[in-house]
file work_28.cif (mmCIF, C-alpha atoms and all ligand atoms; chains and numbers go by the auth columns)
data_work
#
loop_
_atom_site.group_PDB
_atom_site.id
_atom_site.type_symbol
_atom_site.label_atom_id
_atom_site.label_comp_id
_atom_site.label_asym_id
_atom_site.label_seq_id
_atom_site.Cartn_x
_atom_site.Cartn_y
_atom_site.Cartn_z
_atom_site.B_iso_or_equiv
_atom_site.auth_seq_id
_atom_site.auth_asym_id
ATOM 1 C CA MET A 1 0.000 0.000 0.000 0.00 184 D
ATOM 2 C CA SER A 2 1.381 3.401 -0.926 0.00 185 D
ATOM 3 C CA LEU A 3 1.859 6.149 1.616 0.00 186 D
ATOM 4 C CA ILE A 4 -0.910 8.218 0.003 0.00 187 D
ATOM 5 C CA ASN A 5 -3.352 5.317 0.280 0.00 188 D
ATOM 6 C CA THR A 6 -2.424 4.794 3.916 0.00 189 D
ATOM 7 C CA ILE A 7 -3.004 8.459 4.738 0.00 190 D
ATOM 8 C CA ALA A 8 -6.305 8.489 2.841 0.00 191 D
ATOM 9 C CA ILE A 9 -7.629 5.421 4.642 0.00 192 D
ATOM 10 C CA THR A 10 -6.540 6.761 8.018 0.00 193 D
ATOM 11 C CA SER A 11 -8.336 10.048 7.404 0.00 194 D
ATOM 12 C CA SER A 12 -11.458 8.269 6.154 0.00 195 D
ATOM 13 C CA ILE A 13 -11.561 6.168 9.334 0.00 196 D
ATOM 14 C CA ALA A 14 -11.452 9.405 11.316 0.00 197 D
ATOM 15 C CA ALA A 15 -14.299 10.783 9.190 0.00 198 D
ATOM 16 C CA CYS A 16 -16.401 7.647 9.781 0.00 199 D
ATOM 17 C CA SER A 17 -15.836 7.586 13.509 0.00 200 D
ATOM 18 C CA THR A 18 -17.620 10.753 14.597 0.00 201 D
ATOM 19 C CA VAL A 19 -20.351 8.740 16.308 0.00 202 D
ATOM 20 C CA ALA A 20 -17.816 6.585 18.109 0.00 203 D
ATOM 21 C CA LEU A 21 -15.809 9.594 19.260 0.00 204 D
ATOM 22 C CA ALA A 22 -18.983 11.020 20.810 0.00 205 D
ATOM 23 C CA GLY A 23 -19.113 7.868 22.935 0.00 206 D
ATOM 24 C CA LEU A 24 -22.595 6.767 21.918 0.00 207 D
ATOM 25 C CA PRO A 25 -23.464 3.468 20.210 0.00 208 D
ATOM 26 C CA ASN A 26 -24.611 3.449 16.604 0.00 209 D
ATOM 27 C CA ALA A 27 -28.373 3.501 16.094 0.00 210 D
ATOM 28 C CA HIS A 28 -28.834 5.080 12.708 0.00 211 D
ATOM 29 C CA THR A 29 -27.855 2.171 10.506 0.00 212 D
ATOM 30 C CA TRP A 30 -30.972 0.044 11.012 0.00 213 D
ATOM 31 C CA PRO A 31 -34.654 0.800 10.282 0.00 214 D
ATOM 32 C CA MET A 32 -36.994 0.381 13.265 0.00 215 D
ATOM 33 C CA GLU A 33 -38.577 -3.069 13.659 0.00 216 D
ATOM 34 C CA HIS A 34 -41.564 -2.798 15.957 0.00 217 D
ATOM 35 C CA ILE A 35 -42.975 -5.455 18.246 0.00 218 D
ATOM 36 C CA MET A 36 -46.648 -4.493 18.288 0.00 219 D
ATOM 37 C CA ILE A 37 -48.560 -5.174 21.498 0.00 220 D
ATOM 38 C CA SER A 38 -52.348 -5.024 21.488 0.00 221 D
ATOM 39 C CA MET A 39 -55.174 -6.111 23.762 0.00 222 D
ATOM 40 C CA ASN A 40 -58.187 -8.082 22.601 0.00 223 D
ATOM 41 C CA GLY A 41 -60.646 -8.165 25.473 0.00 224 D
ATOM 42 C CA THR A 42 -58.486 -9.444 28.328 0.00 225 D
ATOM 43 C CA SER A 43 -55.903 -11.110 26.055 0.00 226 D
ATOM 44 C CA ILE A 44 -52.546 -9.530 25.262 0.00 227 D
ATOM 45 C CA GLU A 45 -51.480 -10.100 21.669 0.00 228 D
ATOM 46 C CA ALA A 46 -48.011 -9.588 20.225 0.00 229 D
ATOM 47 C CA HIS A 47 -46.948 -9.336 16.622 0.00 230 D
ATOM 48 C CA VAL A 48 -43.602 -8.917 14.889 0.00 231 D
ATOM 49 C CA ASN A 49 -42.698 -9.177 11.204 0.00 232 D
ATOM 50 C CA THR A 50 -39.346 -10.917 11.674 0.00 233 D
ATOM 51 C CA SER A 51 -38.718 -14.678 11.900 0.00 234 D
ATOM 52 C CA SER A 52 -35.841 -17.151 12.077 0.00 235 D
ATOM 53 C CA SER A 53 -35.498 -16.795 8.298 0.00 236 D
ATOM 54 C CA SER A 54 -35.675 -12.983 8.424 0.00 237 D
ATOM 55 C CA PRO A 55 -33.865 -12.008 11.636 0.00 238 D
ATOM 56 C CA ILE A 56 -32.591 -8.544 12.469 0.00 239 D
ATOM 57 C CA LEU A 57 -28.830 -8.123 12.243 0.00 240 D
ATOM 58 C CA LEU A 58 -26.475 -7.536 15.134 0.00 241 D
ATOM 59 C CA GLU A 59 -23.377 -5.696 13.940 0.00 242 D
ATOM 60 C CA ARG A 60 -19.963 -5.149 15.478 0.00 243 D
ATOM 61 C CA PHE A 61 -18.053 -1.882 15.275 0.00 244 D
ATOM 62 C CA ALA A 62 -14.576 -3.029 16.198 0.00 245 D
ATOM 63 C CA GLY A 63 -12.462 -0.585 18.143 0.00 246 D
ATOM 64 C CA GLU A 64 -15.304 1.724 19.138 0.00 247 D
ATOM 65 C CA SER A 65 -15.849 2.422 22.834 0.00 248 D
ATOM 66 C CA TYR A 66 -18.902 3.958 24.414 0.00 249 D
ATOM 67 C CA ASP A 67 -19.574 6.084 27.483 0.00 250 D
ATOM 68 C CA GLY A 68 -20.791 4.845 30.871 0.00 251 D
ATOM 69 C CA ASN A 69 -23.041 1.783 30.944 0.00 252 D
ATOM 70 C CA ALA A 70 -23.098 1.747 27.130 0.00 253 D
ATOM 71 C CA SER A 71 -19.536 0.401 27.283 0.00 254 D
ATOM 72 C CA ALA A 72 -21.250 -2.997 27.664 0.00 255 D
ATOM 73 C CA LEU A 73 -21.622 -2.819 23.873 0.00 256 D
ATOM 74 C CA ASP A 74 -17.907 -2.268 23.197 0.00 257 D
ATOM 75 C CA ASP A 75 -16.682 -4.841 20.653 0.00 258 D
ATOM 76 C CA MET A 76 -20.024 -6.689 20.795 0.00 259 D
ATOM 77 C CA TYR A 77 -22.361 -7.442 17.932 0.00 260 D
ATOM 78 C CA TYR A 78 -25.363 -5.253 18.740 0.00 261 D
ATOM 79 C CA SER A 79 -28.517 -3.460 17.576 0.00 262 D
ATOM 80 C CA ASP A 80 -31.420 -1.409 18.939 0.00 263 D
ATOM 81 C CA GLN A 81 -33.555 -2.162 15.887 0.00 264 D
ATOM 82 C CA TYR A 82 -36.347 -3.903 17.806 0.00 265 D
ATOM 83 C CA GLY A 83 -38.775 -1.600 19.572 0.00 266 D
ATOM 84 C CA TRP A 84 -41.771 -2.389 21.778 0.00 267 D
ATOM 85 C CA ILE A 85 -44.792 -0.334 20.777 0.00 268 D
ATOM 86 C CA LEU A 86 -48.496 -0.259 21.666 0.00 269 D
ATOM 87 C CA ASP A 87 -50.919 -1.043 18.854 0.00 270 D
ATOM 88 C CA GLY A 88 -54.356 0.369 19.674 0.00 271 D
ATOM 89 C CA ILE A 89 -55.914 0.906 23.086 0.00 272 D
ATOM 90 C CA VAL A 90 -54.340 -1.164 25.847 0.00 273 D
ATOM 91 C CA ASP A 91 -55.829 -0.723 29.322 0.00 274 D
ATOM 92 C CA PRO A 92 -54.131 -2.892 31.971 0.00 275 D
ATOM 93 C CA GLY A 93 -56.382 -1.506 34.707 0.00 276 D
ATOM 94 C CA ALA A 94 -55.739 1.073 37.398 0.00 277 D
ATOM 95 C CA GLY A 95 -52.412 0.610 39.184 0.00 278 D
ATOM 96 C CA ASN A 96 -51.290 -2.133 36.790 0.00 279 D
ATOM 97 C CA SER A 97 -48.866 -2.003 33.915 0.00 280 D
ATOM 98 C CA LEU A 98 -47.502 -4.172 31.165 0.00 281 D
ATOM 99 C CA TRP A 99 -44.551 -6.364 32.033 0.00 282 D
ATOM 100 C CA ILE A 100 -42.344 -8.278 29.633 0.00 283 D
ATOM 101 C CA GLU A 101 -40.681 -11.437 30.897 0.00 284 D
ATOM 102 C CA LEU A 102 -37.956 -13.464 29.237 0.00 285 D
ATOM 103 C CA VAL A 103 -39.200 -17.053 28.823 0.00 286 D
ATOM 104 C CA SER A 104 -36.164 -18.514 27.057 0.00 287 D
ATOM 105 C CA GLN A 105 -33.293 -17.396 24.877 0.00 288 D
ATOM 106 C CA THR A 106 -30.132 -18.530 23.144 0.00 289 D
ATOM 107 C CA ASN A 107 -27.174 -18.601 25.534 0.00 290 D
ATOM 108 C CA GLU A 108 -24.975 -15.513 25.525 0.00 291 D
ATOM 109 C CA LEU A 109 -27.605 -13.103 24.176 0.00 292 D
ATOM 110 C CA GLU A 110 -27.484 -9.912 26.272 0.00 293 D
ATOM 111 C CA THR A 111 -29.994 -7.074 26.655 0.00 294 D
ATOM 112 C CA TYR A 112 -29.544 -3.498 27.891 0.00 295 D
ATOM 113 C CA GLU A 113 -32.331 -1.005 28.513 0.00 296 D
ATOM 114 C CA GLY A 114 -32.842 1.523 25.735 0.00 297 D
ATOM 115 C CA GLY A 115 -35.583 4.011 25.053 0.00 298 D
ATOM 116 C CA ARG A 116 -36.804 6.257 22.286 0.00 299 D
ATOM 117 C CA ARG A 117 -34.869 5.760 19.093 0.00 300 D
ATOM 118 C CA MET A 118 -31.950 8.180 18.716 0.00 301 D
ATOM 119 C CA MET A 119 -32.482 9.646 22.206 0.00 302 D
ATOM 120 C CA ILE A 120 -29.486 7.608 23.234 0.00 303 D
ATOM 121 C CA GLY A 121 -28.130 10.081 25.768 0.00 304 D
ATOM 122 C CA ASP A 122 -31.291 9.564 27.889 0.00 305 D
ATOM 123 C CA GLN A 123 -31.001 5.765 28.033 0.00 306 D
ATOM 124 C CA THR A 124 -29.813 3.810 31.070 0.00 307 D
ATOM 125 C CA PHE A 125 -28.143 0.850 29.320 0.00 308 D
ATOM 126 C CA ASP A 126 -28.968 -1.098 32.492 0.00 309 D
ATOM 127 C CA PRO A 127 -28.753 -4.880 32.019 0.00 310 D
ATOM 128 C CA ILE A 128 -32.235 -6.417 31.766 0.00 311 D
ATOM 129 C CA PHE A 129 -33.859 -9.789 30.963 0.00 312 D
ATOM 130 C CA GLY A 130 -31.379 -11.811 33.006 0.00 313 D
ATOM 131 C CA THR A 131 -28.237 -10.100 31.688 0.00 314 D
ATOM 132 C CA ASP A 132 -25.678 -9.790 34.510 0.00 315 D
ATOM 133 C CA SER A 133 -28.118 -11.541 36.882 0.00 316 D
ATOM 134 C CA SER A 134 -30.808 -8.876 36.360 0.00 317 D
ATOM 135 C CA ALA A 135 -34.504 -9.744 36.764 0.00 318 D
ATOM 136 C CA MET A 136 -36.113 -11.813 34.020 0.00 319 D
ATOM 137 C CA ASN A 137 -39.081 -9.429 33.890 0.00 320 D
ATOM 138 C CA TRP A 138 -39.015 -5.770 32.903 0.00 321 D
ATOM 139 C CA GLN A 139 -41.686 -3.138 33.488 0.00 322 D
ATOM 140 C CA TRP A 140 -42.565 -1.465 30.229 0.00 323 D
ATOM 141 C CA SER A 141 -43.741 2.161 30.252 0.00 324 D
ATOM 142 C CA GLY A 142 -45.907 1.573 27.188 0.00 325 D
ATOM 143 C CA MET A 143 -43.891 4.191 25.319 0.00 326 D
ATOM 144 C CA MET A 144 -41.908 3.064 22.286 0.00 327 D
ATOM 145 C CA THR A 145 -38.785 1.451 23.706 0.00 328 D
ATOM 146 C CA HIS A 146 -35.835 0.171 21.679 0.00 329 D
ATOM 147 C CA ASN A 147 -33.699 -1.980 23.941 0.00 330 D
ATOM 148 C CA TRP A 148 -30.167 -2.945 22.984 0.00 331 D
ATOM 149 C CA TYR A 149 -29.386 -6.561 22.114 0.00 332 D
ATOM 150 C CA ALA A 150 -25.814 -7.760 22.061 0.00 333 D
ATOM 151 C CA ALA A 151 -23.764 -10.900 21.555 0.00 334 D
ATOM 152 C CA GLN A 152 -20.060 -11.630 21.688 0.00 335 D
ATOM 153 C CA SER A 153 -19.917 -14.127 18.802 0.00 336 D
ATOM 154 C CA ALA A 154 -21.316 -14.300 15.282 0.00 337 D
ATOM 155 C CA GLY A 155 -24.285 -16.621 14.812 0.00 338 D
ATOM 156 C CA ASP A 156 -28.060 -16.876 15.181 0.00 339 D
ATOM 157 C CA TYR A 157 -29.881 -15.983 18.405 0.00 340 D
ATOM 158 C CA GLU A 158 -33.473 -15.869 19.538 0.00 341 D
ATOM 159 C CA ALA A 159 -35.428 -14.792 22.588 0.00 342 D
ATOM 160 C CA THR A 160 -39.034 -15.563 23.574 0.00 343 D
ATOM 161 C CA TYR A 161 -41.017 -13.262 25.844 0.00 344 D
ATOM 162 C CA SER A 162 -44.290 -13.335 27.717 0.00 345 D
ATOM 163 C CA ILE A 163 -46.132 -10.001 27.815 0.00 346 D
ATOM 164 C CA TYR A 164 -48.474 -9.815 30.789 0.00 347 D
ATOM 165 C CA VAL A 165 -50.476 -7.473 32.983 0.00 348 D
ATOM 166 C CA GLY A 166 -48.781 -7.092 36.341 0.00 349 D
ATOM 167 C CA ASP A 167 -49.047 -5.001 39.472 0.00 350 D
ATOM 168 C CA SER A 168 -46.386 -2.458 40.393 0.00 351 D
ATOM 169 C CA ALA A 169 -44.144 -5.266 41.704 0.00 352 D
ATOM 170 C CA GLY A 170 -44.507 -7.372 38.556 0.00 353 D
ATOM 171 C CA ASN A 171 -46.877 -9.985 39.970 0.00 354 D
ATOM 172 C CA ALA A 172 -49.268 -11.218 37.288 0.00 355 D
ATOM 173 C CA VAL A 173 -52.807 -9.906 37.771 0.00 356 D
ATOM 174 C CA ASP A 174 -55.605 -12.495 37.530 0.00 357 D
ATOM 175 C CA GLY A 175 -58.093 -12.176 34.704 0.00 358 D
ATOM 176 C CA TYR A 176 -55.681 -11.402 31.857 0.00 359 D
ATOM 177 C CA ILE A 177 -54.153 -13.756 29.300 0.00 360 D
ATOM 178 C CA ALA A 178 -50.482 -13.173 28.503 0.00 361 D
ATOM 179 C CA GLY A 179 -49.171 -12.828 24.961 0.00 362 D
ATOM 180 C CA GLU A 180 -45.962 -14.340 23.630 0.00 363 D
ATOM 181 C CA VAL A 181 -43.473 -13.315 20.964 0.00 364 D
ATOM 182 C CA THR A 182 -40.121 -14.568 19.682 0.00 365 D
ATOM 183 C CA LEU A 183 -37.425 -12.206 18.409 0.00 366 D
ATOM 184 C CA ASN A 184 -34.716 -13.390 16.010 0.00 367 D
ATOM 185 C CA PHE A 185 -31.188 -12.082 15.613 0.00 368 D
ATOM 186 C CA ARG A 186 -28.214 -12.805 13.363 0.00 369 D
ATOM 187 C CA ALA A 187 -24.817 -11.515 14.452 0.00 370 D
ATOM 188 C CA VAL A 188 -22.763 -10.909 11.319 0.00 371 D
ATOM 189 C CA PRO A 189 -19.261 -9.586 10.642 0.00 372 D
ATOM 190 C CA ALA A 190 -19.613 -5.800 10.387 0.00 373 D
ATOM 191 C CA PRO A 191 -20.263 -4.264 6.995 0.00 374 D
ATOM 192 C CA GLY A 192 -18.841 -1.179 8.704 0.00 375 D
ATOM 193 C CA SER A 193 -15.297 -2.409 8.100 0.00 376 D
ATOM 194 C CA LEU A 194 -16.072 -2.875 4.390 0.00 377 D
ATOM 195 C CA ALA A 195 -17.583 0.613 4.262 0.00 378 D
ATOM 196 C CA ILE A 196 -14.393 2.073 5.724 0.00 379 D
ATOM 197 C CA LEU A 197 -12.287 0.275 3.118 0.00 380 D
ATOM 198 C CA SER A 198 -14.448 1.456 0.234 0.00 381 D
ATOM 199 C CA MET A 199 -14.452 5.024 1.591 0.00 382 D
ATOM 200 C CA GLY A 200 -10.682 4.752 1.774 0.00 383 D
ATOM 201 C CA THR A 201 -10.615 3.811 -1.896 0.00 384 D
ATOM 202 C CA VAL A 202 -12.747 6.813 -2.810 0.00 385 D
ATOM 203 C CA PHE A 203 -10.498 9.161 -0.866 0.00 386 D
ATOM 204 C CA ALA A 204 -7.411 7.584 -2.423 0.00 387 D
ATOM 205 C CA SER A 205 -8.661 7.968 -5.993 0.00 388 D
ATOM 206 C CA ARG A 206 -9.635 11.588 -5.346 0.00 389 D
ATOM 207 C CA ARG A 207 -6.199 12.211 -3.961 0.00 390 D
ATOM 208 C CA LYS A 208 -4.603 10.717 -7.083 0.00 391 D
ATOM 209 C CA ARG A 209 -6.633 12.912 -9.413 0.00 392 D
ATOM 210 C CA ALA A 210 -5.666 16.001 -7.467 0.00 393 D
HETATM 211 CU CU CU B . -39.558 2.699 17.180 0.00 401 O
#

call {"tool": "encode", "arguments": {"input": "work_28.cif", "output": "structure tokens", "more": "lines below"}}
Ligand SMILES: [Cu+2]
result
Amino acid sequence: MSLINTIAITSSIAACSTVALAGLPNAHTWPMEHIMISMNGTSIEAHVNTSSSSPILLERFAGESYDGNASALDDMYYSDQYGWILDGIVDPGAGNSLWIELVSQTNELETYEGGRRMMIGDQTFDPIFGTDSSAMNWQWSGMMTHNWYAAQSAGDYEATYSIYVGDSAGNAVDGYIAGEVTLNFRAVPAPGSLAILSMGTVFASRRKRA
């Protein structure tokens, strides 16, 4: 590799890394994928458009490091593409709320609490759904919430949840039927590294013309 190419690629990496330098994880690269929660009478229903043959992607941004609790995502394959959202009127009853409980998942899948898409600075990144010995159930505000999923190794992952009406302590309230949904993930080698290489090529060819 020539010196000019090396300089061009180095400067293009710097140009691509603005998000990483700010210390916040990447959220802009994936469209939202909503897990729609509705209520039919006293039954909770859950719907998602993904499946084991059309999972969302977890991507790794090697070398990036993030601020505070978000550092849990450093060098992990991750995404906040999935978001819990209410579909229609859902009334859990006075004093109750919706709870989401992990029923089962592929080993080594991790989850961190997110929030509104792109409002990353406001998110706790607290471990949830059993990650780092956290509780298996999580109280959902009912507002759109995009939690962060992460895995250390490439491969396919899935997680199945029960969505139920609970009291303020998370105890299931009698008279409601819980819903269930399975989320699917595929951790793949980052296209980000390819993007950096191709940007490097563009910079290099510009440099040559000049
Ligand atoms: Cu959303």

call {"tool": "residues_near_ligand", "arguments": {"input": "work_28.cif", "ligand": "ligand CU 401 (chain O)", "cutoff": "12 Å", "atoms": "only C-alpha atoms and all ligand atoms", "output": "count of residues only"}}
result
28

call {"tool": "residues_around", "arguments": {"input": "work_28.cif", "residues": "Glu228 in chain D", "least_positions_apart": "6", "cutoff": "12 Å", "atoms": "all atoms listed in the file", "output": "ChimeraX atom specification"}}
result
/D:218-222,268-273,281,344-348,359-364

call {"tool": "atom_distance", "arguments": {"input": "work_28.cif", "atom1": "CA of Gly246 in chain D", "atom2": "CA of Gln288 in chain D"}}
result
27.6 Å

call {"tool": "residues_around", "arguments": {"input": "work_28.cif", "residues": "range 331-339 of chain D", "least_positions_apart": "3", "cutoff": "9 Å", "atoms": "only C-alpha atoms", "output": "VMD selection string"}}
result
chain D and resid 235 238 241 to 243 255 to 256 258 to 265 289 291 to 297 308 367 to 372

call {"tool": "closest_residue", "arguments": {"input": "work_28.cif", "among": "D:Thr212, D:Asn252, D:Asn223, D:Ser234", "to": "Asp309 in chain D", "atoms": "only C-alpha atoms"}}
result
D:Asn252

call {"tool": "atom_distance", "arguments": {"input": "work_28.cif", "atom1": "CA of Thr233 in chain D", "atom2": "CA of Ala318 in chain D"}}
result
25.6 Å

call {"tool": "residues_around", "arguments": {"input": "work_28.cif", "residues": "Asn320 in chain D", "least_positions_apart": "5", "cutoff": "8 Å", "atoms": "all atoms listed in the file", "output": "list in words"}}
result
Trp282, Ile283, Glu284, Leu285, Ile311, Phe312 and Gly353 of chain D

call {"tool": "write_last_selection", "arguments": {"input": "work_28.cif", "atoms": "C-alpha atoms", "output": "short mmCIF file (atom, residue, chain, number, x, y, z; two decimals), in the frame of the given file"}}
result
data_model
loop_
_atom_site.label_atom_id
_atom_site.label_comp_id
_atom_site.auth_asym_id
_atom_site.auth_seq_id
_atom_site.Cartn_x
_atom_site.Cartn_y
_atom_site.Cartn_z
CA TRP D 282 -44.55 -6.36 32.03
CA ILE D 283 -42.34 -8.28 29.63
CA GLU D 284 -40.68 -11.44 30.90
CA LEU D 285 -37.96 -13.46 29.24
CA ILE D 311 -32.24 -6.42 31.77
CA PHE D 312 -33.86 -9.79 30.96
CA GLY D 353 -44.51 -7.37 38.56
#

call {"tool": "resolve_selection", "arguments": {"input": "work_28.cif", "expression": "the PyMOL selection byres (((chain D and resi 350) around 10) and not hetatm)", "output": "number ranges by chain"}}
result
D: 275-282, 322, 347-349, 351-356

call {"tool": "closest_residue", "arguments": {"input": "work_28.cif", "among": "D:Met319, D:Ala253, D:Val286, D:Ile239", "to": "Tyr340 in chain D", "atoms": "all atoms listed in the file"}}
result
D:Ile239

call {"tool": "closest_residue", "arguments": {"input": "work_28.cif", "among": "D:Asp250, D:Asp257, D:Pro310, D:Asn290", "to": "Ala342 in chain D", "atoms": "all atoms listed in the file"}}
result
D:Asn290

call {"tool": "decode", "arguments": {"input": "work_28.cif", "residues": "range 270-282 of chain D", "atoms": "N, CA and C atoms", "output": "PDB file, in the first residue's frame"}}
result
ATOM      1  N   ASP D 270     -50.122  -1.039  20.079  1.00  0.00           N
ATOM      2  CA  ASP D 270     -50.919  -1.043  18.854  1.00  0.00           C
ATOM      3  C   ASP D 270     -52.390  -0.980  19.283  1.00  0.00           C
ATOM      4  N   GLY D 271     -52.963   0.217  19.246  1.00  0.00           N
ATOM      5  CA  GLY D 271     -54.356   0.369  19.674  1.00  0.00           C
ATOM      6  C   GLY D 271     -54.450   0.649  21.166  1.00  0.00           C
ATOM      7  N   ILE D 272     -55.672   0.596  21.675  1.00  0.00           N
ATOM      8  CA  ILE D 272     -55.914   0.906  23.086  1.00  0.00           C
ATOM      9  C   ILE D 272     -55.559  -0.309  23.935  1.00  0.00           C
ATOM     10  N   VAL D 273     -54.694  -0.101  24.909  1.00  0.00           N
ATOM     11  CA  VAL D 273     -54.340  -1.164  25.847  1.00  0.00           C
ATOM     12  C   VAL D 273     -54.557  -0.617  27.253  1.00  0.00           C
ATOM     13  N   ASP D 274     -55.519  -1.196  27.964  1.00  0.00           N
ATOM     14  CA  ASP D 274     -55.829  -0.723  29.322  1.00  0.00           C
ATOM     15  C   ASP D 274     -55.580  -1.852  30.315  1.00  0.00           C
ATOM     16  N   PRO D 275     -54.448  -1.814  31.021  1.00  0.00           N
ATOM     17  CA  PRO D 275     -54.131  -2.892  31.971  1.00  0.00           C
ATOM     18  C   PRO D 275     -54.877  -2.747  33.293  1.00  0.00           C
ATOM     19  N   GLY D 276     -55.658  -1.702  33.447  1.00  0.00           N
ATOM     20  CA  GLY D 276     -56.382  -1.506  34.707  1.00  0.00           C
ATOM     21  C   GLY D 276     -55.604  -0.598  35.637  1.00  0.00           C
ATOM     22  N   ALA D 277     -56.352   0.089  36.506  1.00  0.00           N
ATOM     23  CA  ALA D 277     -55.739   1.073  37.398  1.00  0.00           C
ATOM     24  C   ALA D 277     -54.650   0.435  38.254  1.00  0.00           C
ATOM     25  N   GLY D 278     -53.506   1.068  38.334  1.00  0.00           N
ATOM     26  CA  GLY D 278     -52.412   0.610  39.184  1.00  0.00           C
ATOM     27  C   GLY D 278     -51.575  -0.501  38.571  1.00  0.00           C
ATOM     28  N   ASN D 279     -52.037  -1.059  37.448  1.00  0.00           N
ATOM     29  CA  ASN D 279     -51.290  -2.133  36.790  1.00  0.00           C
ATOM     30  C   ASN D 279     -50.477  -1.576  35.625  1.00  0.00           C
ATOM     31  N   SER D 280     -49.579  -2.394  35.130  1.00  0.00           N
ATOM     32  CA  SER D 280     -48.866  -2.003  33.915  1.00  0.00           C
ATOM     33  C   SER D 280     -48.497  -3.258  33.142  1.00  0.00           C
ATOM     34  N   LEU D 281     -47.953  -3.036  31.969  1.00  0.00           N
ATOM     35  CA  LEU D 281     -47.502  -4.172  31.165  1.00  0.00           C
ATOM     36  C   LEU D 281     -46.087  -4.543  31.591  1.00  0.00           C
ATOM     37  N   TRP D 282     -45.877  -5.831  31.718  1.00  0.00           N
ATOM     38  CA  TRP D 282     -44.551  -6.364  32.033  1.00  0.00           C
ATOM     39  C   TRP D 282     -44.145  -7.315  30.913  1.00  0.00           C
TER      40      TRP D 282
END
